[in-house]
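model_39.cif (mmCIF, C-alpha atoms)
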```
data_input
loop_
_atom_site.label_atom_id
_atom_site.label_comp_id
_atom_site.auth_asym_id
_atom_site.auth_seq_id
_atom_site.Cartn_x
_atom_site.Cartn_y
_atom_site.Cartn_z
CA MET G 1 74.38 143.33 110.31
CA SER G 2 77.49 144.55 112.05
CA THR G 3 77.31 148.15 113.17
CA TYR G 4 80.40 149.81 114.54
CA MET G 5 82.31 152.99 113.93
CA ASP G 6 85.93 152.93 112.97
CA GLU G 7 85.96 156.16 110.98
CA ASP G 8 85.70 158.37 114.03
CA PRO G 9 89.20 159.43 115.15
CA ARG G 10 88.23 158.99 118.79
CA ILE G 11 87.85 155.23 118.35
CA HIS G 12 91.59 154.74 117.92
CA GLY G 13 92.29 156.34 121.28
CA ILE G 14 89.63 154.20 122.96
CA LYS G 15 90.93 150.97 121.44
CA ASN G 16 94.43 151.73 122.68
CA ARG G 17 93.17 151.99 126.23
CA ILE G 18 91.63 148.53 126.44
CA ARG G 19 93.97 146.13 128.19
CA VAL G 20 93.91 142.47 127.30
CA VAL G 21 94.64 140.17 130.23
CA PRO G 22 95.40 136.57 129.22
CA ASP G 23 94.02 133.57 131.07
CA PHE G 24 91.40 135.47 133.07
CA PRO G 25 89.07 134.38 134.59
CA LYS G 26 90.40 131.02 133.44
CA PRO G 27 93.10 129.63 131.12
CA GLY G 28 92.55 130.32 127.44
CA ILE G 29 90.37 133.39 127.86
CA MET G 30 91.75 136.75 126.73
CA PHE G 31 89.94 139.18 129.04
CA GLN G 32 89.10 142.60 127.63
CA ASP G 33 89.77 144.93 130.54
CA ILE G 34 88.00 148.28 130.31
CA THR G 35 89.36 149.60 133.61
CA THR G 36 92.38 151.02 131.82
CA LEU G 37 90.00 152.98 129.59
CA LEU G 38 88.52 154.56 132.72
CA LEU G 39 91.99 155.77 133.73
CA ASP G 40 92.18 157.95 130.61
CA HIS G 41 89.71 160.76 131.17
CA LYS G 42 89.64 161.83 127.52
CA ALA G 43 89.16 158.30 126.22
CA PHE G 44 86.42 157.59 128.77
CA LYS G 45 84.69 160.86 127.91
CA ASP G 46 84.98 160.07 124.19
CA THR G 47 83.41 156.67 124.79
CA ILE G 48 80.40 158.24 126.47
CA ASP G 49 80.19 161.01 123.87
CA LEU G 50 80.06 158.51 121.03
CA PHE G 51 77.08 156.76 122.59
CA VAL G 52 75.37 160.02 123.54
CA GLU G 53 75.73 161.40 120.03
CA ARG G 54 74.08 158.29 118.67
CA TYR G 55 71.17 158.17 121.14
CA LYS G 56 70.36 161.79 121.95
CA GLY G 57 67.06 162.98 120.54
CA ARG G 58 65.77 159.48 119.83
CA ASN G 59 63.20 159.47 122.62
CA ILE G 60 64.97 156.86 124.65
CA SER G 61 63.34 157.03 128.07
CA VAL G 62 65.36 154.39 129.88
CA VAL G 63 68.94 153.18 129.90
CA ALA G 64 69.27 149.72 131.44
CA GLY G 65 72.77 148.83 132.61
CA ILE G 66 73.91 145.31 133.32
CA GLU G 67 75.73 144.70 136.60
CA ALA G 68 78.45 145.66 137.21
CA ARG G 69 80.38 147.21 134.32
CA GLY G 70 77.17 148.34 132.66
CA PHE G 71 76.77 150.55 135.75
CA ILE G 72 79.90 152.45 134.73
CA PHE G 73 78.81 153.31 131.17
CA GLY G 74 75.03 153.42 131.51
CA PRO G 75 74.48 156.27 133.99
CA PRO G 76 76.62 158.88 132.19
CA ILE G 77 74.75 158.08 128.99
CA ALA G 78 71.38 158.24 130.76
CA LEU G 79 72.20 161.58 132.36
CA ALA G 80 73.31 163.08 129.06
CA ILE G 81 70.31 161.95 127.02
CA GLY G 82 67.71 162.65 129.72
CA ALA G 83 66.70 159.05 130.41
CA LYS G 84 66.17 157.21 133.66
CA PHE G 85 68.73 154.57 134.64
CA VAL G 86 67.65 151.07 135.60
CA PRO G 87 70.17 148.60 137.02
CA LEU G 88 69.82 144.98 135.94
CA ARG G 89 71.33 142.89 138.69
CA LYS G 90 72.43 139.48 139.85
CA PRO G 91 69.95 137.73 142.13
CA LYS G 92 69.10 139.04 145.60
CA LYS G 93 70.76 142.42 145.17
CA LEU G 94 67.69 144.48 144.36
CA PRO G 95 65.38 145.11 147.34
CA GLY G 96 61.62 144.91 146.95
CA GLU G 97 59.70 143.33 144.13
CA VAL G 98 61.66 142.05 141.14
CA ILE G 99 61.18 140.01 138.01
CA SER G 100 63.82 137.44 137.07
CA GLU G 101 65.15 136.02 133.83
CA LYS G 102 67.29 132.93 133.75
CA TYR G 103 70.01 132.52 131.15
CA ASP G 104 72.62 129.91 130.25
CA LEU G 105 76.29 130.08 131.00
CA GLU G 106 78.98 127.92 129.49
CA TYR G 107 78.47 125.64 132.49
CA GLY G 108 75.17 126.03 134.34
CA SER G 109 72.94 129.07 134.41
CA ASP G 110 72.58 132.49 136.00
CA CYS G 111 69.79 134.94 136.59
CA LEU G 112 69.24 138.63 135.90
CA GLN G 113 66.72 140.70 137.86
CA MET G 114 64.90 144.01 137.38
CA HIS G 115 62.66 146.00 139.69
CA VAL G 116 58.93 145.76 139.14
CA GLY G 117 57.68 149.15 138.04
CA ALA G 118 61.04 150.56 137.01
CA VAL G 119 60.30 150.16 133.32
CA GLU G 120 56.81 150.80 131.94
CA PRO G 121 55.11 149.68 128.74
CA ALA G 122 55.54 153.06 127.08
CA ASP G 123 59.29 153.08 127.66
CA GLN G 124 61.87 152.98 124.86
CA ALA G 125 64.96 151.30 126.23
CA LEU G 126 68.67 151.22 125.51
CA ILE G 127 70.59 148.35 127.09
CA VAL G 128 74.24 148.98 127.96
CA ASP G 129 77.07 146.68 128.92
CA ASP G 130 80.84 146.92 128.52
CA LEU G 131 81.14 143.87 126.28
CA VAL G 132 79.06 141.36 124.32
CA ALA G 133 80.42 137.83 124.05
CA THR G 134 77.90 135.00 123.70
CA GLY G 135 74.98 137.42 124.06
CA GLY G 136 73.39 135.47 126.92
CA THR G 137 73.30 138.38 129.35
CA LEU G 138 72.03 140.88 126.80
CA CYS G 139 69.37 138.41 125.72
CA ALA G 140 68.17 138.07 129.31
CA ALA G 141 68.09 141.86 129.61
CA ILE G 142 66.03 142.18 126.43
CA ASN G 143 63.58 139.61 127.73
CA LEU G 144 63.15 141.41 131.05
CA ILE G 145 62.35 144.69 129.35
CA GLU G 146 60.01 143.16 126.81
CA ARG G 147 58.19 141.17 129.49
CA VAL G 148 57.00 144.42 131.05
CA GLY G 149 55.80 145.62 127.69
CA ALA G 150 58.54 148.11 126.88
CA GLN G 151 60.51 148.25 123.67
CA VAL G 152 64.25 147.70 123.32
CA VAL G 153 65.54 150.21 120.79
CA GLU G 154 69.13 148.96 120.72
CA CYS G 155 71.87 147.26 122.70
CA ALA G 156 75.14 149.14 123.05
CA CYS G 157 78.53 147.85 124.13
CA VAL G 158 82.06 149.16 124.01
CA ILE G 159 83.46 145.85 122.73
CA GLU G 160 82.12 142.92 120.73
CA LEU G 161 83.70 139.47 120.41
CA PRO G 162 82.17 138.63 117.04
CA ASP G 163 83.56 135.11 116.94
CA LEU G 164 81.16 134.19 119.76
CA LYS G 165 78.20 135.26 117.61
CA GLY G 166 76.36 137.09 120.38
CA ARG G 167 74.79 139.39 117.80
CA GLU G 168 72.59 136.53 116.60
CA LYS G 169 71.14 135.95 120.06
CA LEU G 170 69.50 139.33 120.45
CA SER G 171 66.03 138.47 119.13
CA GLY G 172 66.56 140.69 116.14
CA LYS G 173 67.39 143.73 118.24
CA PRO G 174 70.14 145.94 116.80
CA LEU G 175 73.56 145.96 118.43
CA TYR G 176 75.94 148.90 118.31
CA VAL G 177 79.57 148.58 119.41
CA LEU G 178 82.60 150.83 119.27
CA MET G 179 85.12 148.10 118.56
CA GLU G 180 85.56 144.43 117.85
CA SER G 181 88.11 142.04 119.24
CA HIS G 182 88.98 138.75 117.60
CA MET Y 1 54.41 164.30 129.51
CA ASN Y 2 55.61 167.49 131.19
CA SER Y 3 57.89 167.43 134.18
CA PHE Y 4 55.06 167.94 136.67
CA GLN Y 5 53.15 165.00 135.27
CA GLN Y 6 56.33 162.94 135.27
CA LEU Y 7 56.93 163.79 138.92
CA ALA Y 8 53.34 162.98 139.89
CA LYS Y 9 53.56 159.67 138.08
CA PHE Y 10 56.87 158.87 139.68
CA ARG Y 11 55.60 159.69 143.15
CA SER Y 12 52.58 157.51 142.53
CA TYR Y 13 54.89 154.64 141.62
CA LEU Y 14 57.01 155.32 144.68
CA PHE Y 15 54.04 155.20 147.01
CA GLN Y 16 52.46 152.19 145.37
CA THR Y 17 55.59 150.15 145.64
CA MET Y 18 55.91 151.01 149.30
CA GLU Y 19 52.23 150.47 150.08
CA GLY Y 20 52.55 146.74 149.79
CA ASN Y 21 55.12 146.63 152.54
CA ARG Y 22 54.13 145.46 155.95
CA LYS Y 23 54.97 148.76 157.55
CA SER Y 24 53.94 151.55 155.23
CA CYS Y 25 56.40 154.28 154.60
CA ILE Y 26 55.00 157.68 153.75
CA PRO Y 27 57.10 159.71 151.37
CA LEU Y 28 58.38 162.92 152.86
CA SER Y 29 56.69 164.80 150.04
CA ARG Y 30 53.24 163.71 151.20
CA ARG Y 31 53.99 164.61 154.80
CA LEU Y 32 55.07 168.07 153.78
CA ALA Y 33 51.94 168.42 151.67
CA GLY Y 34 49.85 167.67 154.76
CA GLU Y 35 48.25 164.68 153.08
CA VAL Y 36 49.03 162.45 156.03
CA SER Y 37 48.30 163.90 159.44
CA SER Y 38 48.72 160.92 161.74
CA PRO Y 39 50.91 158.29 160.16
CA ASP Y 40 50.75 154.71 161.37
CA PHE Y 41 54.08 154.87 163.06
CA GLY Y 42 53.60 158.23 164.78
CA TRP Y 43 56.74 160.00 163.75
CA ASN Y 44 57.20 163.70 164.02
CA LEU Y 45 59.29 165.77 161.69
CA ASN Y 46 60.77 167.61 164.62
CA GLU Y 47 61.89 164.64 166.67
CA ARG Y 48 64.56 162.06 166.31
CA MET Y 49 61.97 159.32 166.31
CA ILE Y 50 64.57 156.70 166.00
CA SER Y 51 65.52 157.14 169.64
CA SER Y 52 62.15 155.79 170.71
CA ARG Y 53 62.36 152.76 168.49
CA VAL Y 54 65.94 151.64 168.11
CA SER Y 55 66.42 148.32 169.82
CA HIS Y 56 70.07 149.08 170.53
CA SER Y 57 71.22 145.97 168.83
CA THR Y 58 74.28 147.70 167.58
CA ALA Y 59 75.05 145.63 164.57
CA VAL Y 60 71.63 145.85 163.01
CA HIS Y 61 69.84 149.09 162.33
CA ARG Y 62 66.36 148.52 163.73
CA SER Y 63 63.63 151.07 163.78
CA GLY Y 64 60.09 151.91 162.87
CA ASN Y 65 59.73 153.35 159.44
CA PHE Y 66 60.87 156.81 158.74
CA PRO Y 67 61.41 158.75 155.58
CA ILE Y 68 64.51 160.74 154.95
CA SER Y 69 64.23 164.13 156.63
CA PRO Y 70 67.01 166.50 155.71
CA ASN Y 71 65.54 169.34 157.76
CA ASN Y 72 65.50 167.33 160.94
CA ARG Y 73 68.99 166.10 160.29
CA LEU Y 74 70.40 169.55 159.89
CA GLU Y 75 68.77 170.79 163.12
CA ARG Y 76 70.69 168.18 165.02
CA ALA Y 77 73.88 168.63 163.07
CA ALA Y 78 75.31 171.48 165.07
CA SER Y 79 74.88 169.82 168.43
CA VAL Y 80 75.82 166.21 167.83
CA ARG Y 81 78.03 166.05 164.76
CA PRO Y 82 81.78 166.33 164.73
CA GLN Y 83 82.81 169.61 163.20
CA HIS Y 84 84.22 168.13 160.04
CA MET Y 85 81.06 166.22 159.33
CA GLU Y 86 79.33 167.88 156.46
CA THR Y 87 76.00 167.40 154.88
CA GLY Y 88 74.23 168.90 151.98
CA ASP Y 89 72.43 172.18 152.56
CA ALA Y 90 68.92 171.17 153.61
CA SER Y 91 67.53 174.47 152.36
CA ASP Y 92 68.66 173.56 148.84
CA PRO Y 93 65.46 172.44 147.08
CA ARG Y 94 67.45 169.85 145.20
CA ILE Y 95 68.17 168.04 148.47
CA THR Y 96 64.48 167.81 149.34
CA ARG Y 97 63.70 166.19 146.04
CA ILE Y 98 66.63 163.79 146.31
CA ALA Y 99 65.57 162.78 149.82
CA SER Y 100 62.00 162.12 148.80
CA SER Y 101 63.07 160.03 145.84
CA ILE Y 102 64.84 157.45 147.97
CA ARG Y 103 62.73 154.42 148.79
CA VAL Y 104 62.96 152.60 152.12
CA ILE Y 105 62.41 148.84 152.02
CA PRO Y 106 61.83 147.18 155.40
CA ASP Y 107 63.41 143.86 156.28
CA PHE Y 108 65.94 143.76 153.46
CA PRO Y 109 68.33 142.01 153.16
CA LYS Y 110 67.15 140.55 156.46
CA PRO Y 111 64.51 141.23 159.14
CA GLY Y 112 64.98 144.43 161.09
CA ILE Y 113 67.00 146.27 158.48
CA LEU Y 114 65.51 149.28 156.70
CA PHE Y 115 67.17 149.31 153.31
CA GLN Y 116 67.76 152.70 151.69
CA ASP Y 117 67.03 152.05 148.02
CA ILE Y 118 68.61 154.57 145.64
CA THR Y 119 67.25 152.90 142.50
CA THR Y 120 64.14 155.08 142.75
CA LEU Y 121 66.40 158.14 142.76
CA LEU Y 122 67.84 156.91 139.46
CA LEU Y 123 64.35 156.82 137.99
CA ASP Y 124 63.89 160.53 138.73
CA ILE Y 125 65.97 162.18 136.04
CA LYS Y 126 66.12 165.55 137.75
CA ALA Y 127 66.95 164.08 141.16
CA PHE Y 128 69.75 161.94 139.72
CA ARG Y 129 71.16 164.87 137.80
CA ASP Y 130 70.94 167.09 140.90
CA THR Y 131 72.73 164.44 142.98
CA ILE Y 132 75.64 164.44 140.57
CA ASP Y 133 75.62 168.24 140.29
CA LEU Y 134 75.80 168.65 144.06
CA PHE Y 135 78.93 166.49 144.21
CA VAL Y 136 80.47 168.08 141.13
CA GLU Y 137 79.94 171.58 142.51
CA ARG Y 138 81.80 170.56 145.64
CA TYR Y 139 84.71 168.73 144.02
CA LYS Y 140 85.51 170.42 140.74
CA GLU Y 141 88.71 172.46 140.53
CA LYS Y 142 90.09 170.98 143.73
CA GLY Y 143 92.92 169.06 142.07
CA ILE Y 144 91.19 165.71 142.51
CA SER Y 145 92.60 163.39 139.88
CA VAL Y 146 90.90 160.14 140.94
CA VAL Y 147 87.37 159.14 141.84
CA ALA Y 148 87.26 155.68 143.43
CA GLY Y 149 83.85 154.03 143.40
CA VAL Y 150 82.94 151.10 145.61
CA GLU Y 151 81.22 148.16 143.90
CA ALA Y 152 78.49 148.18 142.83
CA ARG Y 153 76.37 151.23 143.60
CA GLY Y 154 79.48 153.41 143.78
CA PHE Y 155 79.86 152.58 140.07
CA ILE Y 156 76.61 154.43 139.38
CA PHE Y 157 77.55 157.72 141.06
CA GLY Y 158 81.33 157.76 140.67
CA PRO Y 159 81.81 157.84 136.88
CA PRO Y 160 79.50 160.80 136.17
CA ILE Y 161 81.33 162.76 138.86
CA ALA Y 162 84.73 161.71 137.51
CA LEU Y 163 83.79 162.70 133.98
CA ALA Y 164 82.52 166.10 135.10
CA ILE Y 165 85.55 167.01 137.21
CA GLY Y 166 88.17 165.66 134.80
CA ALA Y 167 89.30 162.77 136.98
CA LYS Y 168 89.93 159.13 136.23
CA PHE Y 169 87.59 156.52 137.69
CA ILE Y 170 88.81 153.42 139.50
CA PRO Y 171 86.49 150.63 140.57
CA MET Y 172 87.04 149.13 144.03
CA ARG Y 173 85.79 145.58 143.70
CA LYS Y 174 84.87 142.36 145.43
CA PRO Y 175 87.50 139.62 145.11
CA HIS Y 176 88.33 137.94 141.80
CA LYS Y 177 86.53 140.49 139.64
CA LEU Y 178 89.48 142.64 138.58
CA PRO Y 179 91.85 140.98 136.09
CA GLY Y 180 95.59 141.34 136.44
CA PRO Y 181 97.59 142.32 139.51
CA VAL Y 182 95.56 143.67 142.43
CA ILE Y 183 96.06 144.64 146.04
CA SER Y 184 93.55 143.44 148.63
CA GLU Y 185 92.24 144.71 151.95
CA GLU Y 186 90.22 142.59 154.33
CA TYR Y 187 87.49 144.25 156.40
CA SER Y 188 84.92 143.24 159.00
CA LEU Y 189 81.27 142.56 158.40
CA GLU Y 190 78.61 142.06 161.03
CA TYR Y 191 79.44 138.36 160.82
CA GLY Y 192 82.74 137.46 159.23
CA THR Y 193 84.87 139.42 156.85
CA ASP Y 194 84.99 140.50 153.22
CA VAL Y 195 87.74 141.63 150.89
CA MET Y 196 88.06 144.69 148.66
CA GLU Y 197 90.48 144.88 145.73
CA MET Y 198 92.04 147.60 143.63
CA HIS Y 199 94.25 147.37 140.55
CA VAL Y 200 97.98 147.77 141.01
CA GLY Y 201 99.06 150.89 139.18
CA ALA Y 202 95.63 152.47 138.89
CA VAL Y 203 96.52 155.22 141.34
CA GLU Y 204 99.94 156.82 141.71
CA PRO Y 205 101.56 158.16 144.89
CA GLY Y 206 100.49 161.68 145.68
CA GLU Y 207 97.28 161.60 143.65
CA LYS Y 208 94.29 163.22 145.32
CA VAL Y 209 91.34 160.86 145.55
CA LEU Y 210 87.62 161.13 146.22
CA VAL Y 211 85.95 157.90 147.42
CA ILE Y 212 82.30 157.41 146.47
CA ASP Y 213 79.59 155.03 147.59
CA ASP Y 214 75.81 155.32 147.69
CA LEU Y 215 75.57 154.95 151.46
CA ILE Y 216 77.73 154.85 154.58
CA ALA Y 217 76.56 152.62 157.42
CA THR Y 218 79.24 151.18 159.72
CA GLY Y 219 82.00 152.65 157.57
CA GLY Y 220 83.78 149.32 157.11
CA THR Y 221 83.70 149.42 153.32
CA LEU Y 222 84.85 153.02 153.05
CA CYS Y 223 87.57 152.35 155.58
CA ALA Y 224 88.86 149.46 153.46
CA ALA Y 225 88.86 151.69 150.39
CA ILE Y 226 90.81 154.40 152.22
CA LYS Y 227 93.38 151.86 153.37
CA LEU Y 228 93.90 150.49 149.87
CA LEU Y 229 94.43 153.95 148.47
CA GLU Y 230 96.78 155.01 151.24
CA ARG Y 231 98.81 151.84 150.85
CA VAL Y 232 99.79 152.99 147.36
CA GLY Y 233 100.60 156.48 148.57
CA ALA Y 234 97.49 158.27 147.36
CA VAL Y 235 95.89 161.06 149.38
CA VAL Y 236 92.22 160.56 150.18
CA VAL Y 237 90.75 164.04 150.16
CA GLU Y 238 87.20 163.10 151.17
CA CYS Y 239 84.60 160.36 151.18
CA ALA Y 240 81.24 161.19 149.66
CA CYS Y 241 77.94 159.33 149.91
CA VAL Y 242 74.38 160.11 149.01
CA ILE Y 243 73.09 158.74 152.35
CA GLU Y 244 74.48 158.38 155.85
CA LEU Y 245 73.07 156.25 158.66
CA PRO Y 246 74.59 158.28 161.51
CA GLU Y 247 73.53 155.96 164.32
CA LEU Y 248 75.94 153.37 162.99
CA LYS Y 249 78.79 155.83 163.55
CA GLY Y 250 80.51 155.11 160.27
CA ARG Y 251 81.97 158.59 160.40
CA ASP Y 252 84.12 157.61 163.37
CA ARG Y 253 85.70 154.73 161.48
CA LEU Y 254 87.06 157.06 158.84
CA GLY Y 255 89.53 158.59 161.26
CA ASP Y 256 90.69 161.95 160.05
CA LYS Y 257 89.14 161.59 156.62
CA PRO Y 258 86.26 163.99 156.05
CA LEU Y 259 82.87 162.68 155.01
CA PHE Y 260 80.30 164.53 152.93
CA VAL Y 261 76.75 163.26 152.54
CA LEU Y 262 73.62 164.68 150.99
CA VAL Y 263 70.87 163.18 153.13
CA SER Y 264 70.26 161.12 156.23
CA PRO Y 265 67.19 159.41 157.70
CA ALA Y 266 65.52 161.36 160.51
#
```
As a first step, turn the structure in this file into structure tokens.
Amino acid sequence: MSTYMDEDPRIHGIKNRIRVVPDFPKPGIMFQDITTLLLDHKAFKDTIDLFVERYKGRNISVVAGIEARGFIFGPPIALAIGAKFVPLRKPKKLPGEVISEKYDLEYGSDCLQMHVGAVEPADQALIVDDLVATGGTLCAAINLIERVGAQVVECACVIELPDLKGREKLSGKPLYVLMESH
Amino acid sequence: MNSFQQLAKFRSYLFQTMEGNRKSCIPLSRRLAGEVSSPDFGWNLNERMISSRVSHSTAVHRSGNFPISPNNRLERAASVRPQHMETGDASDPRITRIASSIRVIPDFPKPGILFQDITTLLLDIKAFRDTIDLFVERYKEKGISVVAGVEARGFIFGPPIALAIGAKFIPMRKPHKLPGPVISEEYSLEYGTDVMEMHVGAVEPGEKVLVIDDLIATGGTLCAAIKLLERVGAVVVECACVIELPELKGRDRLGDKPLFVLVSPA
């Protein structure tokens, strides 16, 4: 079931700050660029506030952010709700012991890694990324967290591309987004 | 779980994850608690132990294991550091906790390198919050309108600082990640070169900028970031990192740009 907020007056200001760049990274793709959102302090702050208001007081003990743009939104949320922050990274970036989850791309596959011991079975996790498209990356993130016995409470993104049906790939986990783009 | 229990559990995790390493690394907290009297690698809180172990292969930072020791670092600061080198106040209890939350991983990404892993700091809610607070206390109300964070660990520390001081955040990225028009700066690595990119129009001439990364080693990355910003007419006020590896003399590569760090290995 789609969950997003368009009643909140702050959403309009956030939407206006997302820049669409055509034909990136390849022809035919309309890239949703959140860097312009980060240039507007109020809009960026509102973005974080909207997530914090939703997740504060819900006993979320870990915010997992997906490399690299999930690193921009995840930590401010984690700090505000009193959760630890766990980076989920491309292969060979995290030092020490990791667990890996493979996932499909349009052509080929990629891999997401998490530190062993960062998330524990008692943890309640929020997964954050800037955007959900096909849902492949979020699905890999969910799998990593569940494999260590923790529970994914929700996935949160700034933007959803609903036409790519990523929402259906999340193993029944709820998805919350601030805006959709068609 | 109260905060004491959380801290004990976290420290247990920290030690367990390090115990499996070939050279064990004793957390500073346990040294201070007197739990370890004669560590395997024979370091002394009052000595720069690195001088007895560095192989002087300049490109690679080789050493026996050592935890972060802010007290030792500050003792040496007056005699060997340039005057505009600044570090966090080692007597601030927040610094001690931050230092002890950083995990050192030997032989990553390759043999001989001691990797300073800040992910364990991010698991300690108080230490992460204190890290941000220490930077925010220093930079708020200084007219800084931009925080530039270097991919990818600069993306973790930069945005919370930017949000707290009312600045915009700009990501400085590896090639082909930023969409739209960018400017690029090539910089040297130990072997070969890399490229850093910034969006055209993100920063305007005259804006005051703070550059953030988790760690400064040789200073090559920070130097590239400074160059990009100066090319568009911005004013880099300072570079800030959680950790410095002073033996790699990154500070010298920043020219006249000041550097502020919180902690440094002994």
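Counting only C-alpha atoms and comparing Y:Pro111, Y:Gly88, Y:Pro93, Y:Pro171, the residue that lies closest to chain G is Y:Pro171.
Candidate residues G:Val148, G:Ile18, G:Ala83, G:Leu131 were compared for distance to chain Y, and the nearest is G:Ala83, using all atoms listed in the file.
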Practice task
Find the residues around Lys90 (chain G) up to 12 Å (all atoms listed in the file counted), leave out those fewer than 5 positions away in its own chain, and share them as JSON, numbers by chain.
Solution key: {"G": [65, 66, 67, 68, 95, 98, 99, 100, 101, 102, 103, 109, 110, 111, 112, 113, 114, 115, 137, 140, 141], "Y": [152]}
Exercise for the section: Would you kindly translate the PyMOL selection byres ((chain Y and resi 215) around 12) into the concrete residues it picks from this file, as a ChimeraX atom specification? Expected result: /Y:102,115-118,149-154,157,211-214,216-222,239-246,248,250-251,259-265
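What separates CA of Arg129 (chain Y) from CA of Lys45 (chain G) is a distance of 17.2 Å.
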Problem - Selection dump of the PyMOL selection byres ((chain G) within 9 of (chain Y)), as a VMD selection string - result: chain G and resid 21 to 22 24 to 25 31 33 35 to 36 38 to 42 44 to 45 62 67 to 76 78 to 79 82 to 87 92 to 97 115 to 118
Expected file contents, prior selection, C-alpha atoms, as a PDB file, in the frame of the given file:
```
ATOM      1  CA  VAL G  21      94.640 140.170 130.230  1.00  0.00           C
ATOM      2  CA  PRO G  22      95.400 136.570 129.220  1.00  0.00           C
ATOM      3  CA  PHE G  24      91.400 135.470 133.070  1.00  0.00           C
ATOM      4  CA  PRO G  25      89.070 134.380 134.590  1.00  0.00           C
ATOM      5  CA  PHE G  31      89.940 139.180 129.040  1.00  0.00           C
ATOM      6  CA  ASP G  33      89.770 144.930 130.540  1.00  0.00           C
ATOM      7  CA  THR G  35      89.360 149.600 133.610  1.00  0.00           C
ATOM      8  CA  THR G  36      92.380 151.020 131.820  1.00  0.00           C
ATOM      9  CA  LEU G  38      88.520 154.560 132.720  1.00  0.00           C
ATOM     10  CA  LEU G  39      91.990 155.770 133.730  1.00  0.00           C
ATOM     11  CA  ASP G  40      92.180 157.950 130.610  1.00  0.00           C
ATOM     12  CA  HIS G  41      89.710 160.760 131.170  1.00  0.00           C
ATOM     13  CA  LYS G  42      89.640 161.830 127.520  1.00  0.00           C
ATOM     14  CA  PHE G  44      86.420 157.590 128.770  1.00  0.00           C
ATOM     15  CA  LYS G  45      84.690 160.860 127.910  1.00  0.00           C
ATOM     16  CA  VAL G  62      65.360 154.390 129.880  1.00  0.00           C
ATOM     17  CA  GLU G  67      75.730 144.700 136.600  1.00  0.00           C
ATOM     18  CA  ALA G  68      78.450 145.660 137.210  1.00  0.00           C
ATOM     19  CA  ARG G  69      80.380 147.210 134.320  1.00  0.00           C
ATOM     20  CA  GLY G  70      77.170 148.340 132.660  1.00  0.00           C
ATOM     21  CA  PHE G  71      76.770 150.550 135.750  1.00  0.00           C
ATOM     22  CA  ILE G  72      79.900 152.450 134.730  1.00  0.00           C
ATOM     23  CA  PHE G  73      78.810 153.310 131.170  1.00  0.00           C
ATOM     24  CA  GLY G  74      75.030 153.420 131.510  1.00  0.00           C
ATOM     25  CA  PRO G  75      74.480 156.270 133.990  1.00  0.00           C
ATOM     26  CA  PRO G  76      76.620 158.880 132.190  1.00  0.00           C
ATOM     27  CA  ALA G  78      71.380 158.240 130.760  1.00  0.00           C
ATOM     28  CA  LEU G  79      72.200 161.580 132.360  1.00  0.00           C
ATOM     29  CA  GLY G  82      67.710 162.650 129.720  1.00  0.00           C
ATOM     30  CA  ALA G  83      66.700 159.050 130.410  1.00  0.00           C
ATOM     31  CA  LYS G  84      66.170 157.210 133.660  1.00  0.00           C
ATOM     32  CA  PHE G  85      68.730 154.570 134.640  1.00  0.00           C
ATOM     33  CA  VAL G  86      67.650 151.070 135.600  1.00  0.00           C
ATOM     34  CA  PRO G  87      70.170 148.600 137.020  1.00  0.00           C
ATOM     35  CA  LYS G  92      69.100 139.040 145.600  1.00  0.00           C
ATOM     36  CA  LYS G  93      70.760 142.420 145.170  1.00  0.00           C
ATOM     37  CA  LEU G  94      67.690 144.480 144.360  1.00  0.00           C
ATOM     38  CA  PRO G  95      65.380 145.110 147.340  1.00  0.00           C
ATOM     39  CA  GLY G  96      61.620 144.910 146.950  1.00  0.00           C
ATOM     40  CA  GLU G  97      59.700 143.330 144.130  1.00  0.00           C
ATOM     41  CA  HIS G 115      62.660 146.000 139.690  1.00  0.00           C
ATOM     42  CA  VAL G 116      58.930 145.760 139.140  1.00  0.00           C
ATOM     43  CA  GLY G 117      57.680 149.150 138.040  1.00  0.00           C
ATOM     44  CA  ALA G 118      61.040 150.560 137.010  1.00  0.00           C
TER      45      ALA G 118
END
```
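On the file presented, the PyMOL selection byres ((chain G and resi 127) around 7) picks out Val63, Ala64, Gly65, Ala125, Leu126, Val128, Asp129, Glu154, Cys155 and Ala156 of chain G.
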